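Engineer: Questions regarding the structure given below will be posed in turn.
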Amino acid sequence: MKKSITIFLFTCFPAFVFAQPLKARIKVDIERKTGEIDSLLYGNFTEHLGRCIYGGIYDPSSAQADQFGFRKDVMQAAKDLHTSILRWPGGNFVSGYNWMDGIGPKAMRPKKKDLAWGTIEPNLVGTDEFLQYAERMGTQPYIPVNLGTGTLDDARNWVEYCNSDTGTYYADLRAKNGRVKPYKVKYWGLGNEMDGWWQMGAKNADDYGKYALEAAKLMKWVDPNIKLTVCGLSFWSSGTADWNRTVLNYLKGYADYISLHFYFGDRTNNYLEYMASMKEPENEIKQTEGIINETIFKHKIDKPIYIAFDEYNVWYRTGGEERLEEKYNLQDALAIATFLNSLIRNAHIVKMANIAQLVNVIAPMMVTNDKLWKQTIYYPLQLFASNVYGSSVSTFVQCDTFNIAKYQGVSYLDVSTAYNTVSQTLTINVVNRHPSKSIEASIENQYGIADKKGMAYEVNSANLKDENSVNDEKVKIVEKSFSTQGKNFTYTFPAHSFTQLLIKVKPL
Ligand code: AHR
């Protein structure tokens with residue numbers, strides 16, 4: 001019986017039928033705006049960890065070093081990523097960091113044990129070096145204070161050192177160290193992953209809430225213009241979402257953001273399971289949004305509280321001994337594109353995100369002593385940060401789905417859409433997660449007049465496990481134009497690819 005069905009199939013449906021693309025529909029309506037996209041979604045993170053700071057952004061021995069000892073090639077590649085905000089100095093590192101060790105003449109700075117990563121910190125890059133680096137890059141600095149081993153005085157004095165006009169002790173100290181004009185650092189964090197046992201000075205939600213509230217008060221009293229991020233539940237934590245509710249309950253009047261951290265990866269060596277697991281960060285956004293809304297409603301808060309996804313990336317292969325130098329492949333690039341899609345779909349509530357980290361350490365770029373090369377994940381990030389601005393807009397997607405044990409009915413296509421009214425550009429970001437089939441989508445633009453031509457940028461490669469290296473770039477951006485024939489058009493998204501479509505659309 002089985003044999004006869006096979007013979008029937010192969011006689012009536014020749015091989016080309018099996019190679020036919022799957023079909024899908026995408027409907028976009030630029031009038032249905034769901035949230036404004038904040039450029040701070042395209043942030044990055046540099047921690048005193050492995051070769052991120054020393055041997056990464058800073059390396060006076062490299063042929064690439066500028067007059068300050070910072071690498072020009074890393075700075076340029078960060079600028080090409082449109083890095084809008086740069087978090088520093090940690091991470092776990094900050095929970096044992098005394099910022100006073102990193103100021104003043106370099107020869108006088110102490111070398112100290114860093115208990116977060118088991119290394120010796122030379123303190124050659126400190127507050128002034130970092131903030132001037134951020135200025136040269138044209139990015140907003142974002143400093144989490146030490147709420148692990150640090151005191152309330154450490155926190156408020158750091159704000160004074162960075163932001164106050166001269167005339168007080170710490171501002172004058174800054175001037176003495178060569179910088180008269182205040183840096184006016186706007187974004188500050190209240191500690192890092194304070195819920196985790198691995199954190200120096202970890203706390204339970206009540207203890208953290210009370211301590212962070214006092215730090216927040218003092219920091220905002222020093223400079224009322226700063227924006228504060230409260231530590232939300234970290235990905236590694238065994239805690240529950242009650243952490244977020246409890247800490248917001250304490251910090252409701254001071255929190256501008258609550259942070260989320262998420263590290264994902266192919267932990268079961270099963271590609272479709274990996275792709276489906278990318279639903280989880282989005283679920284976490286929804287849960288946190290619910291708690292924010294509850295807090296705002298319950299306590300009649302009259303200002304918004306947003307989500308800052310201030311650490312995210314693929315991280316599952318490396319531990320401490322490998323200095324977290326994860327090598328990424330094509331499927332990781334698809335995971336990053338899917339993650340960025342979820343930020344755009346939730347642009348109304350997620351207003352900041354920082355990929356962890358900038359260089360070498362779980363990073364989109366790697367360096368040798370004199371060369372820089374780009375990992376697979378660099379490219380989707382670059383495409384989003386170059387082109388996805390304006391408003392997130394409502395999108396309808398109909399396509400084939402797949403099932404795994406945990407999730408049923410997962411669409412092969414993962415889509416986000418943005419419309420920029422200033423440049424009148426519609427951007428459609430599509431991940432085709434099918435491992436072997438292309439998908440032909442009929443795309444309907446429901447409002448406005450589309451240009452007859454659009455541009456497509458594709459990130460893909462022959463195999464899901466393809467990686468880049470210093471000498472070989474398998475995964476990169478390929479650019480092509482396509483015709484739209486006005487309102488409706490079809491576009492075929494190749495198997496295991498990320499495609500960004502850019503079309504000019506004039507409103508009626
Ligand atoms: O980014 C690496 C580490 O991951 C950070 O130091 C910490 O915050 C997180 O657990």
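As shown in the structure tokens, the chain order sets the letters A, B, ...; within each chain, residues go from 1, and ligands are also counted from 1 in the order they appear.
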Could you give me, as a tab-separated table, a per-residue list for chain A showing, wherever an atom lies at most 6 Å from an atom of ligand 1, the closest pair of atoms and their distance in Å to one decimal, using only C-alpha atoms and all ligand atoms and sorting by chain then residue number from low to high?
Structural biologist:
```
residue	atom	partner	partner_atom_place_in_ligand_line	distance
A:Gly90	CA	ligand 1	6 (O)	5.6
A:Gly91	CA	ligand 1	6 (O)	3.3
A:Asn92	CA	ligand 1	6 (O)	3.9
A:Asn192	CA	ligand 1	8 (O)	5.9
A:Glu193	CA	ligand 1	8 (O)	5.9
A:Ala356	CA	ligand 1	1 (O)	5.3
```
Engineer: Write out as a list in words which residues come within 7 Å of range 332-349 of chain A when counting only C-alpha atoms, dropping same-chain ones fewer than 4 positions away.
Structural biologist: Thr34, Gly35, Glu36, Ile37, Met275, Met278, Glu282, Tyr306, Ile307, Val314, Tyr328, Thr376, Ile377, Pro380, Ser392, Asp414, Val415, Ser416, Val431, Ser497 and Phe498 of chain A
Engineer: To one decimal place, how far is CA of Leu413 in chain A from CA of Glu444 in chain A in Å?
Structural biologist: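 Atom-to-atom, CA of Leu413 in chain A and CA of Glu444 in chain A are spaced 15.6 Å apart.
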Engineer: Tell me, as a ChimeraX atom specification, which residues lie within 6 Å of Tyr457 in chain A, counting only C-alpha atoms; anything in the same chain fewer than 2 positions away does not count.
Structural biologist: /A:478-479,499-500
Engineer: Write out as a PDB file with C-alpha atoms, in the first residue's frame the residues lying within 8 Å of Asn244 in chain A, counting only C-alpha atoms and excluding same-chain residues fewer than 4 positions away.
Structural biologist:
```pdb
ATOM      1  CA  GLY A 232      14.718  43.061  36.791  1.00  0.00           C
ATOM      2  CA  LEU A 233      14.855  39.310  36.944  1.00  0.00           C
ATOM      3  CA  LEU A 248       8.955  47.899  41.131  1.00  0.00           C
ATOM      4  CA  THR A 288       7.040  42.255  32.440  1.00  0.00           C
ATOM      5  CA  ILE A 291       3.702  43.851  35.920  1.00  0.00           C
TER       6      ILE A 291
END
```
Engineer: Report as number ranges by chain: the residues of range 360-408 of chain A with a DSSP assignment of strand (DSSP E or B), based on the backbone of this structure.
Structural biologist: A: 365-367, 372-374, 391-398, 401-402
Engineer: Excluding same-chain residues fewer than 4 positions from range 256-266 of chain A, what lies within 7 Å of it counting only C-alpha atoms, as a VMD selection string?
Structural biologist: chain A and resid 227 to 235 270 to 271 274 281 304 to 316
Engineer: Could the residues in this selection be written to a file with N, CA, C and O atoms, as an mmCIF file, in the first residue's frame?
Structural biologist:
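out23.cif was written with the following content:
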```cif
data_model
loop_
_atom_site.group_PDB
_atom_site.id
_atom_site.type_symbol
_atom_site.label_atom_id
_atom_site.label_comp_id
_atom_site.auth_asym_id
_atom_site.auth_seq_id
_atom_site.Cartn_x
_atom_site.Cartn_y
_atom_site.Cartn_z
ATOM 1 N N LYS A 227 18.257 59.210 34.108
ATOM 2 C CA LYS A 227 17.252 58.147 33.943
ATOM 3 C C LYS A 227 17.809 56.883 34.592
ATOM 4 O O LYS A 227 18.977 56.553 34.391
ATOM 5 N N LEU A 228 16.948 56.188 35.334
ATOM 6 C CA LEU A 228 17.427 55.034 36.105
ATOM 7 C C LEU A 228 16.798 53.719 35.661
ATOM 8 O O LEU A 228 15.582 53.654 35.421
ATOM 9 N N THR A 229 17.631 52.709 35.589
ATOM 10 C CA THR A 229 17.156 51.354 35.286
ATOM 11 C C THR A 229 17.236 50.504 36.548
ATOM 12 O O THR A 229 18.299 50.429 37.189
ATOM 13 N N VAL A 230 16.136 49.868 36.868
ATOM 14 C CA VAL A 230 16.071 48.967 38.029
ATOM 15 C C VAL A 230 16.397 47.557 37.545
ATOM 16 O O VAL A 230 15.999 47.173 36.444
ATOM 17 N N CYS A 231 17.123 46.783 38.351
ATOM 18 C CA CYS A 231 17.429 45.396 37.964
ATOM 19 C C CYS A 231 16.171 44.547 37.977
ATOM 20 O O CYS A 231 15.580 44.329 39.046
ATOM 21 N N GLY A 232 15.810 44.034 36.841
ATOM 22 C CA GLY A 232 14.718 43.061 36.791
ATOM 23 C C GLY A 232 15.297 41.668 36.956
ATOM 24 O O GLY A 232 16.492 41.497 37.224
ATOM 25 N N LEU A 233 14.442 40.704 36.787
ATOM 26 C CA LEU A 233 14.855 39.310 36.944
ATOM 27 C C LEU A 233 15.841 38.946 35.843
ATOM 28 O O LEU A 233 15.598 39.226 34.675
ATOM 29 N N SER A 234 16.962 38.303 36.206
ATOM 30 C CA SER A 234 17.918 37.941 35.161
ATOM 31 C C SER A 234 17.600 36.553 34.638
ATOM 32 O O SER A 234 16.977 35.740 35.307
ATOM 33 N N PHE A 235 18.074 36.296 33.429
ATOM 34 C CA PHE A 235 17.784 35.040 32.737
ATOM 35 C C PHE A 235 18.226 33.812 33.537
ATOM 36 O O PHE A 235 17.590 32.771 33.531
ATOM 37 N N ASN A 270 19.176 21.176 18.308
ATOM 38 C CA ASN A 270 17.985 20.938 17.490
ATOM 39 C C ASN A 270 17.550 22.295 16.936
ATOM 40 O O ASN A 270 17.032 23.144 17.669
ATOM 41 N N TYR A 271 17.821 22.485 15.648
ATOM 42 C CA TYR A 271 17.636 23.803 15.031
ATOM 43 C C TYR A 271 16.222 24.363 15.234
ATOM 44 O O TYR A 271 16.048 25.516 15.640
ATOM 45 N N TYR A 274 15.535 25.440 18.677
ATOM 46 C CA TYR A 274 16.249 26.699 18.914
ATOM 47 C C TYR A 274 15.413 27.871 18.381
ATOM 48 O O TYR A 274 15.176 28.863 19.091
ATOM 49 N N PRO A 281 12.016 35.164 24.931
ATOM 50 C CA PRO A 281 12.225 36.568 25.311
ATOM 51 C C PRO A 281 10.974 37.421 25.092
ATOM 52 O O PRO A 281 10.674 38.311 25.897
ATOM 53 N N PRO A 304 5.762 56.991 32.534
ATOM 54 C CA PRO A 304 5.926 55.612 32.031
ATOM 55 C C PRO A 304 7.126 54.893 32.652
ATOM 56 O O PRO A 304 8.077 55.529 33.099
ATOM 57 N N ILE A 305 7.054 53.585 32.694
ATOM 58 C CA ILE A 305 8.220 52.746 33.027
ATOM 59 C C ILE A 305 8.389 51.813 31.826
ATOM 60 O O ILE A 305 7.426 51.177 31.384
ATOM 61 N N TYR A 306 9.599 51.778 31.288
ATOM 62 C CA TYR A 306 9.841 50.981 30.093
ATOM 63 C C TYR A 306 10.738 49.789 30.416
ATOM 64 O O TYR A 306 11.312 49.697 31.504
ATOM 65 N N ILE A 307 10.887 48.929 29.422
ATOM 66 C CA ILE A 307 11.806 47.789 29.560
ATOM 67 C C ILE A 307 13.132 48.134 28.875
ATOM 68 O O ILE A 307 13.136 48.653 27.756
ATOM 69 N N ALA A 308 14.240 47.874 29.566
ATOM 70 C CA ALA A 308 15.573 47.961 28.952
ATOM 71 C C ALA A 308 16.123 46.543 28.901
ATOM 72 O O ALA A 308 16.390 45.950 29.941
ATOM 73 N N PHE A 309 16.238 45.995 27.712
ATOM 74 C CA PHE A 309 16.806 44.652 27.557
ATOM 75 C C PHE A 309 18.311 44.840 27.545
ATOM 76 O O PHE A 309 18.945 44.760 26.504
ATOM 77 N N ASP A 310 18.907 45.139 28.735
ATOM 78 C CA ASP A 310 20.267 45.660 28.680
ATOM 79 C C ASP A 310 21.372 44.603 28.640
ATOM 80 O O ASP A 310 22.555 44.961 28.695
ATOM 81 N N GLU A 311 20.993 43.344 28.482
ATOM 82 C CA GLU A 311 21.938 42.295 28.043
ATOM 83 C C GLU A 311 21.134 41.262 27.270
ATOM 84 O O GLU A 311 20.138 40.740 27.773
ATOM 85 N N TYR A 312 21.583 40.965 26.056
ATOM 86 C CA TYR A 312 20.989 39.862 25.298
ATOM 87 C C TYR A 312 22.033 39.363 24.301
ATOM 88 O O TYR A 312 22.904 40.117 23.866
ATOM 89 N N ASN A 313 21.964 38.133 23.975
ATOM 90 C CA ASN A 313 22.775 37.577 22.886
ATOM 91 C C ASN A 313 22.626 36.061 22.879
ATOM 92 O O ASN A 313 21.992 35.477 23.757
ATOM 93 N N VAL A 314 23.249 35.450 21.872
ATOM 94 C CA VAL A 314 23.404 34.001 21.852
ATOM 95 C C VAL A 314 24.605 33.696 22.746
ATOM 96 O O VAL A 314 25.666 34.287 22.577
ATOM 97 N N TRP A 315 24.410 32.807 23.704
ATOM 98 C CA TRP A 315 25.534 32.412 24.582
ATOM 99 C C TRP A 315 25.202 31.059 25.185
ATOM 100 O O TRP A 315 24.352 30.960 26.050
ATOM 101 N N TYR A 316 25.859 30.025 24.661
ATOM 102 C CA TYR A 316 25.628 28.699 25.243
ATOM 103 C C TYR A 316 26.831 27.781 25.085
ATOM 104 O O TYR A 316 26.849 26.677 25.613
#
```
Engineer: If we count only C-alpha atoms and set the cut-off at 10 Å, which residues sit around range 473-475 of chain A, ignoring sequence neighbours fewer than 4 positions away in its own chain? Please answer as a list of chain:residue names.
Structural biologist: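 After dropping sequence-adjacent residues, the list is A:Asn329, A:Leu330, A:Ala333, A:Trp373, A:Lys374, A:Gln375, A:Thr376, A:Ile377, A:Tyr378, A:Tyr379, A:Glu458, A:Val459, A:Asn460, A:Ser461, A:Ala462, A:Asn463, A:Leu464, A:Asp466, A:Glu467, A:Asn468, A:Ser469.
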Engineer: Within 7 Å of range 138-140 of chain A, counting only C-alpha atoms, which residues qualify if same-chain residues fewer than 2 places away don't, as a PyMOL selection string?
Structural biologist: chain A and resi 83-86+134-136+142
Engineer: Convert the current residue selection to file output with N, CA and C atoms, as a short mmCIF file (atom, residue, chain, number, x, y, z; two decimals), in the first residue's frame.
Structural biologist:
```
data_model
loop_
_atom_site.label_atom_id
_atom_site.label_comp_id
_atom_site.auth_asym_id
_atom_site.auth_seq_id
_atom_site.Cartn_x
_atom_site.Cartn_y
_atom_site.Cartn_z
N THR A 83 25.83 52.22 17.03
CA THR A 83 25.72 51.99 18.47
C THR A 83 25.21 53.27 19.16
N SER A 84 24.01 53.20 19.69
CA SER A 84 23.37 54.42 20.20
C SER A 84 23.64 54.62 21.69
N ILE A 85 23.93 53.54 22.40
CA ILE A 85 24.16 53.63 23.84
C ILE A 85 25.14 52.51 24.21
N LEU A 86 26.08 52.82 25.10
CA LEU A 86 27.11 51.84 25.44
C LEU A 86 27.16 51.67 26.96
N ALA A 134 33.28 57.15 24.66
CA ALA A 134 31.87 57.21 24.23
C ALA A 134 31.60 58.51 23.47
N GLU A 135 32.18 59.59 23.95
CA GLU A 135 32.01 60.88 23.25
C GLU A 135 32.58 60.81 21.84
N ARG A 136 33.77 60.21 21.71
CA ARG A 136 34.38 60.14 20.37
C ARG A 136 33.57 59.23 19.46
N TYR A 142 26.16 54.59 29.43
CA TYR A 142 25.14 54.04 30.34
C TYR A 142 25.90 53.30 31.45
#
```
Engineer: Could you work out how far CA of Leu81 in chain A lies from CA of Ser386 in chain A, giving the answer in Å with one decimal?
Structural biologist: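 These two atoms are separated by 7.3 Å.
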Engineer: So which bits of range 170-341 of chain A end up helix (DSSP H, G or I) when you DSSP the backbone, as a PyMOL selection string?
Structural biologist: chain A and resi 170-176+205-222+242-251+271-277+279-298+320-322+330-341
Engineer: Which residue gives the smallest distance to Gln331 in chain A among A:Gly448, A:Pro182, A:Gly167, A:Pro435, with only C-alpha atoms counted?
Structural biologist: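 For Gln331 in chain A, the nearest of the given residues is A:Pro435.
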Engineer: Nearest to Glu322 in chain A among A:Leu49, A:Ala215, A:Leu358, A:Ala202, with distances taken over only C-alpha atoms: which residue is it?
Structural biologist: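 Of the candidates, the smallest distance to Glu322 in chain A is held by A:Leu49.
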Engineer: Counting only C-alpha atoms, which residue out of A:Thr417, A:Asn369, A:Gln446, A:Asn146 sits closest to Trp99 in chain A?
Structural biologist: A:Asn146
